[in-house]
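Containing PDB, C-alpha atoms: target-v2.pdb.
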```pdb
ATOM      1  CA  MET A 577     126.653   8.860-106.970
ATOM      2  CA  SER A 578     124.302   7.953-109.810
ATOM      3  CA  PRO A 579     120.832   9.122-108.870
ATOM      4  CA  VAL A 580     118.287   6.365-108.664
ATOM      5  CA  SER A 581     115.251   6.973-110.822
ATOM      6  CA  LEU A 582     111.948   6.658-109.066
ATOM      7  CA  ALA A 583     108.649   5.812-110.708
ATOM      8  CA  SER A 584     107.812   9.520-110.874
ATOM      9  CA  GLY A 585     110.814  10.149-113.106
ATOM     10  CA  ILE A 586     112.373  12.571-110.635
ATOM     11  CA  PRO A 587     115.767  11.285-109.551
ATOM     12  CA  HIS A 588     116.130  10.549-105.896
ATOM     13  CA  PHE A 589     118.869  12.343-103.961
ATOM     14  CA  VAL A 590     121.566   9.984-102.777
ATOM     15  CA  PRO A 591     123.447  11.554 -99.858
ATOM     16  CA  PRO A 592     127.215  10.998 -99.730
ATOM     17  CA  SER A 593     128.353   8.226 -97.438
ATOM     18  CA  PRO A 594     131.579   6.609 -96.246
ATOM     19  CA  ALA A 595     131.299   4.351 -99.286
ATOM     20  CA  ASP A 596     132.230   7.357-101.446
ATOM     21  CA  PHE A 597     135.683   7.309 -99.868
ATOM     22  CA  ARG A 598     136.325   3.804-101.144
ATOM     23  CA  LEU A 599     137.603   4.228-104.666
ATOM     24  CA  PRO A 600     137.969   1.595-107.380
ATOM     25  CA  PRO A 601     141.451   0.378-108.349
ATOM     26  CA  VAL A 602     143.253   2.557-110.879
ATOM     27  CA  PHE A 603     144.340  -0.464-112.899
ATOM     28  CA  GLY A 604     143.844  -4.192-112.627
ATOM     29  CA  ASP A 605     141.668  -5.466-109.828
ATOM     30  CA  SER A 606     144.104  -5.167-106.954
ATOM     31  CA  VAL A 607     142.584  -3.369-103.983
ATOM     32  CA  PHE A 608     145.945  -1.704-103.265
ATOM     33  CA  PHE A 609     146.444   0.456-106.340
ATOM     34  CA  THR A 610     143.731   2.995-105.668
ATOM     35  CA  LYS A 611     143.825   6.766-105.900
ATOM     36  CA  PRO A 612     144.681   7.248-102.187
ATOM     37  CA  TYR A 613     147.649   4.926-102.603
ATOM     38  CA  PHE A 614     149.067   6.945-105.473
ATOM     39  CA  LEU A 615     148.350  10.232-103.716
ATOM     40  CA  LEU A 616     150.259   9.026-100.673
ATOM     41  CA  LEU A 617     153.177   8.099-102.887
ATOM     42  CA  LEU A 618     152.961  11.420-104.707
ATOM     43  CA  ALA A 619     152.950  13.326-101.417
ATOM     44  CA  ALA A 620     156.089  11.529-100.265
ATOM     45  CA  LEU A 621     157.826  12.240-103.582
ATOM     46  CA  LEU A 622     156.757  15.888-103.530
ATOM     47  CA  VAL A 623     158.138  16.429-100.032
ATOM     48  CA  VAL A 624     161.435  14.708-100.838
ATOM     49  CA  TRP A 625     161.750  16.555-104.139
ATOM     50  CA  PHE A 626     160.940  19.912-102.560
ATOM     51  CA  PHE A 627     163.517  19.659 -99.803
ATOM     52  CA  TYR A 628     166.106  18.089-102.081
ATOM     53  CA  SER A 629     165.785  20.671-104.834
ATOM     54  CA  THR A 630     165.732  23.630-102.452
ATOM     55  CA  SER A 631     168.833  22.509-100.560
ATOM     56  CA  ARG A 632     170.906  20.956-103.359
ATOM     57  CA  ASN A 633     172.665  24.149-104.437
ATOM     58  CA  ALA A 634     172.556  25.764-101.044
ATOM     59  CA  SER A 635     174.605  28.925-100.788
ATOM     60  CA  VAL A 636     175.193  31.534 -98.109
ATOM     61  CA  VAL A 637     173.015  34.026 -99.954
ATOM     62  CA  PRO A 638     169.899  31.939-100.508
ATOM     63  CA  SER A 639     168.016  31.924-103.785
ATOM     64  CA  LYS A 640     164.254  32.338-103.674
ATOM     65  CA  LEU A 641     163.818  28.575-103.854
ATOM     66  CA  GLN A 642     166.331  27.921-101.124
ATOM     67  CA  PHE A 643     164.635  30.548 -98.995
ATOM     68  CA  ALA A 644     161.279  28.794 -99.422
ATOM     69  CA  GLY A 645     162.815  25.468 -98.446
ATOM     70  CA  GLU A 646     164.536  26.932 -95.423
ATOM     71  CA  SER A 647     161.352  28.664 -94.297
ATOM     72  CA  ALA A 648     159.435  25.394 -94.522
ATOM     73  CA  TYR A 649     162.167  23.672 -92.514
ATOM     74  CA  ASN A 650     162.607  26.448 -89.965
ATOM     75  CA  PHE A 651     158.921  26.662 -89.242
ATOM     76  CA  VAL A 652     158.820  23.109 -87.912
ATOM     77  CA  ARG A 653     162.313  23.269 -86.437
ATOM     78  CA  ASN A 654     161.720  26.405 -84.385
ATOM     79  CA  SER A 655     158.049  26.636 -83.633
ATOM     80  CA  ILE A 656     157.424  22.947 -83.009
ATOM     81  CA  ALA A 657     160.616  21.026 -82.264
ATOM     82  CA  ARG A 658     162.609  23.631 -80.326
ATOM     83  CA  ASP A 659     159.720  25.148 -78.412
ATOM     84  CA  VAL A 660     158.352  21.809 -77.257
ATOM     85  CA  ILE A 661     161.395  19.571 -76.838
ATOM     86  CA  GLY A 662     163.804  22.283 -75.687
ATOM     87  CA  SER A 663     167.051  23.574 -77.131
ATOM     88  CA  HIS A 664     169.255  20.838 -75.651
ATOM     89  CA  GLU A 665     168.083  17.808 -77.549
ATOM     90  CA  PHE A 666     165.550  18.847 -80.153
ATOM     91  CA  MET A 667     167.895  18.601 -83.141
ATOM     92  CA  LYS A 668     167.843  14.831 -83.500
ATOM     93  CA  PHE A 669     164.043  14.860 -83.780
ATOM     94  CA  VAL A 670     163.867  17.661 -86.335
ATOM     95  CA  PRO A 671     164.184  15.418 -89.427
ATOM     96  CA  TYR A 672     161.284  13.249 -88.309
ATOM     97  CA  LEU A 673     159.101  16.198 -87.321
ATOM     98  CA  VAL A 674     159.793  18.183 -90.513
ATOM     99  CA  ALA A 675     159.082  15.179 -92.703
ATOM    100  CA  LEU A 676     155.977  14.310 -90.702
ATOM    101  CA  PHE A 677     154.526  17.810 -90.835
ATOM    102  CA  TRP A 678     155.038  18.376 -94.534
ATOM    103  CA  PHE A 679     153.971  14.875 -95.504
ATOM    104  CA  ILE A 680     150.700  15.271 -93.606
ATOM    105  CA  ALA A 681     150.192  18.830 -94.851
ATOM    106  CA  VAL A 682     150.640  17.855 -98.518
ATOM    107  CA  ASN A 683     148.305  14.886 -98.094
ATOM    108  CA  ASN A 684     145.701  17.095 -96.429
ATOM    109  CA  TYR A 685     145.836  19.868 -99.017
ATOM    110  CA  PHE A 686     145.202  17.311-101.735
ATOM    111  CA  ALA A 687     141.597  17.701-100.555
ATOM    112  CA  LEU A 688     141.407  21.136-102.167
ATOM    113  CA  VAL A 689     143.609  20.690-105.253
ATOM    114  CA  PRO A 690     141.323  20.694-108.313
ATOM    115  CA  PHE A 691     140.957  17.254-109.932
ATOM    116  CA  VAL A 692     142.797  15.631-107.044
ATOM    117  CA  GLN A 693     140.288  16.616-104.351
ATOM    118  CA  TYR A 694     140.864  13.775-101.971
ATOM    119  CA  PRO A 695     142.273  13.970 -98.451
ATOM    120  CA  THR A 696     144.499  10.903 -98.411
ATOM    121  CA  LEU A 697     144.503  10.746 -94.645
ATOM    122  CA  SER A 698     140.743  10.248 -94.501
ATOM    123  CA  GLN A 699     141.762   6.588 -94.866
ATOM    124  CA  THR A 700     142.212   5.230 -91.345
ATOM    125  CA  GLY A 701     144.926   2.758 -92.276
ATOM    126  CA  PHE A 702     147.381   5.438 -93.365
ATOM    127  CA  VAL A 703     146.786   7.486 -90.233
ATOM    128  CA  TYR A 704     147.215   4.517 -87.901
ATOM    129  CA  GLY A 705     150.507   3.889 -89.686
ATOM    130  CA  LEU A 706     151.681   7.419 -88.918
ATOM    131  CA  ALA A 707     150.482   7.176 -85.318
ATOM    132  CA  LEU A 708     152.317   3.856 -84.923
ATOM    133  CA  LEU A 709     155.502   5.513 -86.156
ATOM    134  CA  THR A 710     155.128   8.289 -83.591
ATOM    135  CA  TRP A 711     154.324   5.704 -80.900
ATOM    136  CA  LEU A 712     157.498   3.765 -81.694
ATOM    137  CA  VAL A 713     159.587   6.948 -81.668
ATOM    138  CA  TYR A 714     158.427   8.333 -78.320
ATOM    139  CA  ASN A 715     158.435   4.993 -76.541
ATOM    140  CA  GLY A 716     161.806   4.178 -78.095
ATOM    141  CA  VAL A 717     163.490   7.355 -76.898
ATOM    142  CA  GLY A 718     161.769   7.027 -73.516
ATOM    143  CA  ILE A 719     163.061   3.488 -72.987
ATOM    144  CA  GLY A 720     166.473   4.604 -74.200
ATOM    145  CA  ARG A 721     166.514   7.412 -71.655
ATOM    146  CA  HIS A 722     165.039   5.752 -68.572
ATOM    147  CA  GLY A 723     165.552   2.042 -69.208
ATOM    148  CA  PHE A 724     162.625  -0.314 -69.646
ATOM    149  CA  LEU A 725     161.426  -0.413 -66.018
ATOM    150  CA  GLY A 726     162.283   3.224 -65.452
ATOM    151  CA  TYR A 727     160.230   4.234 -68.460
ATOM    152  CA  PHE A 728     157.344   2.030 -67.346
ATOM    153  CA  LYS A 729     157.365   3.829 -64.006
ATOM    154  CA  HIS A 730     157.814   7.191 -65.736
ATOM    155  CA  GLN A 731     154.659   6.682 -67.774
ATOM    156  CA  SER A 732     152.622   5.098 -64.938
ATOM    157  CA  VAL A 733     153.277   7.390 -61.977
ATOM    158  CA  PRO A 734     151.975  10.884 -62.598
ATOM    159  CA  PRO A 735     153.739  13.693 -60.764
ATOM    160  CA  GLY A 736     152.062  15.004 -57.629
ATOM    161  CA  ILE A 737     150.190  11.860 -56.611
ATOM    162  CA  LYS A 738     151.241   9.894 -53.557
ATOM    163  CA  GLY A 739     149.773   7.305 -51.258
ATOM    164  CA  PRO A 740     147.381   4.428 -51.813
ATOM    165  CA  VAL A 741     145.365   6.199 -54.505
ATOM    166  CA  LEU A 742     148.390   5.636 -56.741
ATOM    167  CA  LEU A 743     147.370   1.992 -56.905
ATOM    168  CA  LEU A 744     144.203   3.007 -58.741
ATOM    169  CA  ILE A 745     145.779   5.843 -60.719
ATOM    170  CA  ALA A 746     148.858   4.040 -62.073
ATOM    171  CA  PRO A 747     147.006   1.627 -64.418
ATOM    172  CA  LEU A 748     144.908   4.534 -65.648
ATOM    173  CA  GLU A 749     147.938   6.702 -66.362
ATOM    174  CA  PHE A 750     149.729   3.857 -68.100
ATOM    175  CA  MET A 751     146.776   2.991 -70.337
ATOM    176  CA  SER A 752     146.214   6.625 -71.131
ATOM    177  CA  ASN A 753     149.848   7.244 -72.069
ATOM    178  CA  ILE A 754     150.686   4.036 -73.859
ATOM    179  CA  LEU A 755     147.518   2.424 -75.167
ATOM    180  CA  VAL A 756     145.011   5.216 -75.781
ATOM    181  CA  ARG A 757     147.383   7.883 -77.132
ATOM    182  CA  PRO A 758     148.058   6.412 -80.576
ATOM    183  CA  PHE A 759     144.321   6.033 -81.129
ATOM    184  CA  THR A 760     143.350   9.556 -80.066
ATOM    185  CA  LEU A 761     146.262  10.874 -82.119
ATOM    186  CA  ALA A 762     145.138   8.986 -85.227
ATOM    187  CA  LEU A 763     141.407   9.562 -84.755
ATOM    188  CA  ARG A 764     141.789  13.326 -84.486
ATOM    189  CA  LEU A 765     143.525  13.567 -87.856
ATOM    190  CA  PHE A 766     141.454  10.946 -89.635
ATOM    191  CA  ALA A 767     138.096  12.210 -88.369
ATOM    192  CA  ASN A 768     138.847  15.817 -89.304
ATOM    193  CA  MET A 769     139.840  14.858 -92.843
ATOM    194  CA  PHE A 770     136.906  12.523 -93.243
ATOM    195  CA  ALA A 771     134.246  14.850 -91.851
ATOM    196  CA  GLY A 772     135.509  17.894 -93.744
ATOM    197  CA  HIS A 773     135.478  16.065 -97.040
ATOM    198  CA  LEU A 774     132.071  14.556 -96.383
ATOM    199  CA  LEU A 775     130.683  18.013 -95.671
ATOM    200  CA  LEU A 776     132.110  19.335 -98.949
ATOM    201  CA  LEU A 777     130.635  16.382-100.825
ATOM    202  CA  LEU A 778     127.249  16.978 -99.248
ATOM    203  CA  PHE A 779     127.084  20.665-100.172
ATOM    204  CA  ALA A 780     128.401  20.107-103.696
ATOM    205  CA  LEU A 781     126.120  17.171-104.486
ATOM    206  CA  GLY A 782     123.149  18.773-102.752
ATOM    207  CA  GLY A 783     123.606  21.987-104.719
ATOM    208  CA  GLU A 784     123.949  20.115-107.979
ATOM    209  CA  TYR A 785     120.846  18.051-107.254
ATOM    210  CA  LEU A 786     118.679  20.984-106.196
ATOM    211  CA  ILE A 787     119.638  23.092-109.211
ATOM    212  CA  LEU A 788     119.766  20.524-112.008
ATOM    213  CA  GLU A 789     117.830  17.443-111.004
ATOM    214  CA  SER A 790     115.087  18.255-108.536
ATOM    215  CA  GLY A 791     112.784  19.484-111.328
ATOM    216  CA  ASN A 792     111.480  22.314-109.179
ATOM    217  CA  ALA A 793     112.574  25.879-110.037
ATOM    218  CA  GLY A 794     111.792  26.967-106.474
ATOM    219  CA  TYR A 795     114.668  24.840-105.208
ATOM    220  CA  ILE A 796     117.275  26.589-107.353
ATOM    221  CA  PRO A 797     118.041  29.423-104.866
ATOM    222  CA  VAL A 798     118.489  26.824-102.129
ATOM    223  CA  GLY A 799     120.831  24.913-104.402
ATOM    224  CA  VAL A 800     122.856  28.074-104.996
ATOM    225  CA  LEU A 801     122.990  28.594-101.246
ATOM    226  CA  SER A 802     124.208  25.034-100.826
ATOM    227  CA  LEU A 803     127.046  25.618-103.302
ATOM    228  CA  LEU A 804     127.945  28.856-101.521
ATOM    229  CA  MET A 805     128.057  26.939 -98.246
ATOM    230  CA  GLY A 806     130.398  24.510 -99.996
ATOM    231  CA  LEU A 807     132.704  27.413-100.810
ATOM    232  CA  ALA A 808     132.534  28.636 -97.226
ATOM    233  CA  VAL A 809     133.404  25.173 -95.937
ATOM    234  CA  SER A 810     136.294  25.044 -98.401
ATOM    235  CA  ALA A 811     137.631  28.267 -96.919
ATOM    236  CA  LEU A 812     137.333  26.748 -93.448
ATOM    237  CA  GLU A 813     139.070  23.613 -94.685
ATOM    238  CA  VAL A 814     142.093  25.672 -95.804
ATOM    239  CA  LEU A 815     142.593  26.430 -92.128
ATOM    240  CA  ILE A 816     141.749  22.979 -90.771
ATOM    241  CA  LEU A 817     143.949  21.026 -93.184
ATOM    242  CA  GLY A 818     147.036  22.916 -92.088
ATOM    243  CA  LEU A 819     146.006  22.981 -88.459
ATOM    244  CA  GLN A 820     145.608  19.216 -88.260
ATOM    245  CA  ALA A 821     149.064  18.646 -89.750
ATOM    246  CA  TYR A 822     150.380  21.090 -87.141
ATOM    247  CA  VAL A 823     148.506  19.424 -84.277
ATOM    248  CA  PHE A 824     149.693  15.935 -85.191
ATOM    249  CA  THR A 825     153.311  17.098 -85.346
ATOM    250  CA  LEU A 826     153.007  19.191 -82.190
ATOM    251  CA  LEU A 827     151.589  16.268 -80.230
ATOM    252  CA  THR A 828     154.343  13.999 -81.518
ATOM    253  CA  ALA A 829     156.869  16.531 -80.223
ATOM    254  CA  MET A 830     155.021  16.706 -76.889
ATOM    255  CA  TYR A 831     155.011  12.938 -76.488
ATOM    256  CA  ILE A 832     158.744  12.845 -77.216
ATOM    257  CA  SER A 833     159.321  15.666 -74.747
ATOM    258  CA  GLY A 834     157.228  13.877 -72.121
ATOM    259  CA  ALA A 835     159.071  10.604 -72.643
ATOM    260  CA  LEU A 836     162.444  12.343 -72.255
ATOM    261  CA  ALA A 837     161.499  14.456 -69.227
ATOM    262  CA  GLU A 838     163.409  13.824 -66.030
ATOM    263  CA  GLU A 839     161.624  12.513 -62.960
ATOM    264  CA  HIS A 840     159.552  15.170 -61.325
TER     265      HIS A 840
ATOM    266  CA  MET B1252     152.130  26.019 -75.893
ATOM    267  CA  GLY B1253     154.993  28.468 -76.606
ATOM    268  CA  GLN B1254     153.904  31.009 -73.974
ATOM    269  CA  SER B1255     157.040  33.111 -74.322
ATOM    270  CA  PRO B1256     158.751  33.210 -77.699
ATOM    271  CA  GLN B1257     162.069  34.030 -76.057
ATOM    272  CA  SER B1258     162.309  30.852 -74.014
ATOM    273  CA  HIS B1259     163.143  27.705 -75.926
ATOM    274  CA  GLU B1260     162.848  25.415 -72.970
ATOM    275  CA  PRO B1261     160.007  22.926 -72.832
ATOM    276  CA  HIS B1262     157.234  23.531 -70.364
ATOM    277  CA  PRO B1263     157.246  20.475 -68.181
ATOM    278  CA  GLY B1264     153.910  19.050 -67.264
ATOM    279  CA  SER B1265     151.939  21.287 -69.589
ATOM    280  CA  GLY B1266     151.413  18.476 -72.065
ATOM    281  CA  ASP B1267     148.590  17.668 -74.367
ATOM    282  CA  PRO B1268     145.231  19.228 -73.470
ATOM    283  CA  TRP B1269     143.622  16.164 -75.002
ATOM    284  CA  GLN B1270     145.138  14.237 -72.151
ATOM    285  CA  ALA B1271     141.999  15.163 -70.216
ATOM    286  CA  VAL B1272     139.779  13.336 -72.714
ATOM    287  CA  SER B1273     142.123  10.407 -72.619
ATOM    288  CA  TYR B1274     142.058  10.253 -68.809
ATOM    289  CA  LEU B1275     138.264  10.363 -68.621
ATOM    290  CA  LEU B1276     137.739   7.733 -71.324
ATOM    291  CA  THR B1277     140.444   5.469 -69.965
ATOM    292  CA  GLY B1278     139.234   5.885 -66.397
ATOM    293  CA  VAL B1279     135.660   4.969 -67.218
ATOM    294  CA  GLY B1280     136.673   2.217 -69.651
ATOM    295  CA  LEU B1281     139.269   0.598 -67.423
ATOM    296  CA  TYR B1282     137.264   0.554 -64.182
ATOM    297  CA  ALA B1283     134.048  -0.442 -65.953
ATOM    298  CA  VAL B1284     135.880  -3.555 -67.178
ATOM    299  CA  VAL B1285     137.331  -4.177 -63.702
ATOM    300  CA  GLY B1286     133.853  -3.773 -62.178
ATOM    301  CA  TRP B1287     132.323  -6.083 -64.720
ATOM    302  CA  LEU B1288     134.971  -8.745 -64.136
ATOM    303  CA  LEU B1289     134.402  -8.514 -60.383
ATOM    304  CA  ASP B1290     130.655  -8.820 -60.990
ATOM    305  CA  GLU B1291     131.207 -11.979 -63.026
ATOM    306  CA  TRP B1292     133.541 -13.374 -60.418
ATOM    307  CA  LEU B1293     131.499 -12.529 -57.310
ATOM    308  CA  ASP B1294     128.154 -13.070 -59.024
ATOM    309  CA  THR B1295     126.954  -9.565 -58.173
ATOM    310  CA  SER B1296     125.593  -6.824 -60.381
ATOM    311  CA  PHE B1297     126.389  -3.540 -58.665
ATOM    312  CA  LEU B1298     130.167  -3.360 -59.215
ATOM    313  CA  LEU B1299     129.988  -2.351 -62.883
ATOM    314  CA  PRO B1300     128.233   0.974 -62.164
ATOM    315  CA  VAL B1301     130.494   1.482 -59.155
ATOM    316  CA  GLY B1302     133.477   0.977 -61.458
ATOM    317  CA  ILE B1303     132.160   3.478 -64.001
ATOM    318  CA  VAL B1304     131.638   6.171 -61.370
ATOM    319  CA  LEU B1305     134.966   5.413 -59.682
ATOM    320  CA  GLY B1306     136.755   5.528 -63.047
ATOM    321  CA  ALA B1307     135.161   8.860 -63.928
ATOM    322  CA  ALA B1308     136.116  10.260 -60.519
ATOM    323  CA  LEU B1309     139.717   9.058 -60.878
ATOM    324  CA  GLY B1310     139.879  10.513 -64.381
ATOM    325  CA  VAL B1311     138.680  13.894 -63.122
ATOM    326  CA  TYR B1312     141.092  13.736 -60.190
ATOM    327  CA  LEU B1313     144.043  12.833 -62.423
ATOM    328  CA  THR B1314     143.176  15.631 -64.849
ATOM    329  CA  TYR B1315     142.956  18.052 -61.932
ATOM    330  CA  VAL B1316     146.330  17.008 -60.515
ATOM    331  CA  ARG B1317     148.034  17.080 -63.915
ATOM    332  CA  PHE B1318     146.863  20.528 -64.915
ATOM    333  CA  ARG B1319     147.188  21.985 -61.437
ATOM    334  CA  SER B1320     150.843  20.977 -61.152
ATOM    335  CA  SER B1321     151.542  22.435 -64.592
ATOM    336  CA  ASN B1322     150.498  25.896 -63.383
ATOM    337  CA  HIS B1323     152.921  25.879 -60.488
ATOM    338  CA  ASP B1324     156.029  25.182 -62.522
TER     339      ASP B1324
END
```
So, in terms of structure tokens, how does the structure I just supplied come out?
Amino acid sequence: MSPVSLASGIPHFVPPSPADFRLPPVFGDSVFFTKPYFLLLLAALLVVWFFYSTSRNASVVPSKLQFAGESAYNFVRNSIARDVIGSHEFMKFVPYLVALFWFIAVNNYFALVPFVQYPTLSQTGFVYGLALLTWLVYNGVGIGRHGFLGYFKHQSVPPGIKGPVLLLIAPLEFMSNILVRPFTLALRLFANMFAGHLLLLLFALGGEYLILESGNAGYIPVGVLSLLMGLAVSALEVLILGLQAYVFTLLTAMYISGALAEEH
Amino acid sequence: MGQSPQSHEPHPGSGDPWQAVSYLLTGVGLYAVVGWLLDEWLDTSFLLPVGIVLGAALGVYLTYVRFRSSNHD
């Protein structure tokens, strides 16, 4: 982000770009050990530590800490897993859904933690990994329930369509359910994290440039406005970061529920 | 999603609202490729646009059927 000096001496504004998301290695010159890598690791450790430490000394009358842990667990268990998958078989998917939700949420809120300020899941690779996991889970349980051919039919023949048009619809339904889903699932999370952070970068850098570097006092109010917009976007991000973790988990639960559903 | 907080049963067929986007994109994408392949094979040039329009129509139809049936459950 170093401003390029022009001949006039006034630094040129360099807008933020996707290149700003690519960070240098923390040590050595390996491309793997970058800040996002360590944040991902930290998020996993935080989630494990939180649930371990709040449930280790579990008692019938919960302590404050145990109550917090149980609330975090119950939120996903009741409002996502049970409501979407149904009370008969949701329990075996609760561990995955709870871990998924809180792992994504912690990674997302890293975007607003001072000095961390990086949404880990704005890196596509991580998100495709999560989407692949979900893809394996829902196809796995679907094949387990209906058998390989049964599941293939289950995901290719939409309910309520009969006759020759099925010949045209079946490949569409199959592609939509099996091939396109992991990509739309991943893109939604990745794009929201990426765009939100880019917007914050733009307002912060723009404000800083207009106030300190533009060399024109008339621009200062606009720079202040830009920083205020940055704050407003941050407030919006508080909502979006949690919402996207919720949406990803909810859709995972829906895909599982759809794969398990009986023939219509 | 959870229309009634009392019921913990899934709502069959309701599904992902993004399914509509997926159907439209897949419909257009899939039948554009089919049209293009037929064009290459038959040495014509009108089947690609036909495929795109057909794919879009099928995507709309599939979306309609999916979300219609979910309201009658």
When you look at B:Pro1300 with a cut-off of 9 Å (counting all atoms listed in the file), what residues show up, excluding the ones that are within fewer than 6 positions of it in the same chain? I need them as a PDB file with C-alpha atoms, in the frame of the given file.
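The resulting around.pdb:
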```pdb
ATOM      1  CA  ALA B1283     134.048  -0.442 -65.953  1.00  0.00           C
ATOM      2  CA  GLY B1286     133.853  -3.773 -62.178  1.00  0.00           C
ATOM      3  CA  TRP B1287     132.323  -6.083 -64.720  1.00  0.00           C
TER       4      TRP B1287
END
```
List as a short mmCIF file (atom, residue, chain, number, x, y, z; two decimals) with C-alpha atoms, keeping the file's coordinate frame the protein and nucleic acid residues near B:Leu1299, meaning an atom at most 12 Å away when all atoms listed in the file are counted, but skip any in the same chain fewer than 2 places from it.
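So result_0.cif came out as:
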```
data_model
loop_
_atom_site.label_atom_id
_atom_site.label_comp_id
_atom_site.auth_asym_id
_atom_site.auth_seq_id
_atom_site.Cartn_x
_atom_site.Cartn_y
_atom_site.Cartn_z
CA VAL B 1279 135.66 4.97 -67.22
CA GLY B 1280 136.67 2.22 -69.65
CA LEU B 1281 139.27 0.60 -67.42
CA TYR B 1282 137.26 0.55 -64.18
CA ALA B 1283 134.05 -0.44 -65.95
CA VAL B 1284 135.88 -3.56 -67.18
CA VAL B 1285 137.33 -4.18 -63.70
CA GLY B 1286 133.85 -3.77 -62.18
CA TRP B 1287 132.32 -6.08 -64.72
CA LEU B 1288 134.97 -8.74 -64.14
CA LEU B 1289 134.40 -8.51 -60.38
CA ASP B 1290 130.66 -8.82 -60.99
CA GLU B 1291 131.21 -11.98 -63.03
CA TRP B 1292 133.54 -13.37 -60.42
CA LEU B 1293 131.50 -12.53 -57.31
CA ASP B 1294 128.15 -13.07 -59.02
CA THR B 1295 126.95 -9.56 -58.17
CA SER B 1296 125.59 -6.82 -60.38
CA PHE B 1297 126.39 -3.54 -58.66
CA VAL B 1301 130.49 1.48 -59.16
CA GLY B 1302 133.48 0.98 -61.46
CA ILE B 1303 132.16 3.48 -64.00
CA VAL B 1304 131.64 6.17 -61.37
CA LEU B 1305 134.97 5.41 -59.68
CA GLY B 1306 136.76 5.53 -63.05
#
```
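Selection by the PyMOL selection byres ((chain A) within 8 of (chain B)) on the present file picks out Ser655, Arg658, Asp659, Val660, Ile661, Gly662, Ser663, Pro734, Pro735, Gly736, Ile737, Leu744, Ile745, Leu748, Glu749, Met751, Ser752, Val756, Arg757, Thr760, Leu827, Met830, Tyr831, Ser833, Gly834 and Ala837 of chain A.
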Please write out, as lines of an AutoDock Vina configuration file, where the centre of an axis-aligned box around all listed atoms of stretch 1271-1287 of chain B lies and how long its edges are, in Å to one decimal, after adding 4 Å on each side.
```
center_x = 137.2
center_y = 4.5
center_z = -67.4
size_x = 17.8
size_y = 29.2
size_z = 18.5
```
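Reported to one decimal place, the separation of atom CA of A:Val800 from atom CA of A:Pro587 is 18.8 Å.
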Report summary line: Between atom CA of A:Ala835 and atom CA of A:Gly718 lies a distance of 4.6 Å
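You will find atom CA of A:Thr630 at 5.3 Å from atom CA of A:Gly645.
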Query raised in the report: For the file shown, what are the residues hit by the PyMOL selection byres ((chain A and resi 777) around 12), laid out as a PyMOL selection string?
Result: chain A and resi 577+590-594+596-597+687-688+693-694+770-776+778-785+802-803+805-807+809-810
Report task. List, as a PyMOL selection string, every residue that the PyMOL selection byres ((chain A and resi 611) around 8) selects in the file provided. Result -> chain A and resi 599-602+609-610+612-615
Output stretch 1277-1288 of chain B with N, CA and C atoms present, as an mmCIF file, keeping the file's coordinate frame.
```cif
data_model
loop_
_atom_site.group_PDB
_atom_site.id
_atom_site.type_symbol
_atom_site.label_atom_id
_atom_site.label_comp_id
_atom_site.auth_asym_id
_atom_site.auth_seq_id
_atom_site.Cartn_x
_atom_site.Cartn_y
_atom_site.Cartn_z
ATOM 1 N N THR B 1277 139.720 6.619 -70.494
ATOM 2 C CA THR B 1277 140.444 5.469 -69.965
ATOM 3 C C THR B 1277 139.937 5.111 -68.576
ATOM 4 N N GLY B 1278 139.710 6.148 -67.750
ATOM 5 C CA GLY B 1278 139.234 5.885 -66.397
ATOM 6 C C GLY B 1278 137.927 5.119 -66.408
ATOM 7 N N VAL B 1279 136.962 5.633 -67.152
ATOM 8 C CA VAL B 1279 135.660 4.969 -67.218
ATOM 9 C C VAL B 1279 135.800 3.583 -67.833
ATOM 10 N N GLY B 1280 136.530 3.497 -68.946
ATOM 11 C CA GLY B 1280 136.673 2.217 -69.651
ATOM 12 C C GLY B 1280 137.352 1.170 -68.796
ATOM 13 N N LEU B 1281 138.478 1.551 -68.193
ATOM 14 C CA LEU B 1281 139.269 0.598 -67.423
ATOM 15 C C LEU B 1281 138.495 0.079 -66.219
ATOM 16 N N TYR B 1282 137.909 1.000 -65.418
ATOM 17 C CA TYR B 1282 137.264 0.554 -64.182
ATOM 18 C C TYR B 1282 135.875 -0.031 -64.424
ATOM 19 N N ALA B 1283 135.275 0.269 -65.583
ATOM 20 C CA ALA B 1283 134.048 -0.442 -65.953
ATOM 21 C C ALA B 1283 134.374 -1.911 -66.200
ATOM 22 N N VAL B 1284 135.483 -2.171 -66.902
ATOM 23 C CA VAL B 1284 135.880 -3.555 -67.178
ATOM 24 C C VAL B 1284 136.229 -4.268 -65.869
ATOM 25 N N VAL B 1285 136.979 -3.576 -64.991
ATOM 26 C CA VAL B 1285 137.331 -4.177 -63.702
ATOM 27 C C VAL B 1285 136.058 -4.501 -62.922
ATOM 28 N N GLY B 1286 135.109 -3.552 -62.892
ATOM 29 C CA GLY B 1286 133.853 -3.773 -62.178
ATOM 30 C C GLY B 1286 133.073 -4.940 -62.747
ATOM 31 N N TRP B 1287 133.056 -5.005 -64.065
ATOM 32 C CA TRP B 1287 132.323 -6.083 -64.720
ATOM 33 C C TRP B 1287 132.946 -7.442 -64.403
ATOM 34 N N LEU B 1288 134.283 -7.486 -64.445
ATOM 35 C CA LEU B 1288 134.971 -8.745 -64.136
ATOM 36 C C LEU B 1288 134.689 -9.170 -62.695
#
```
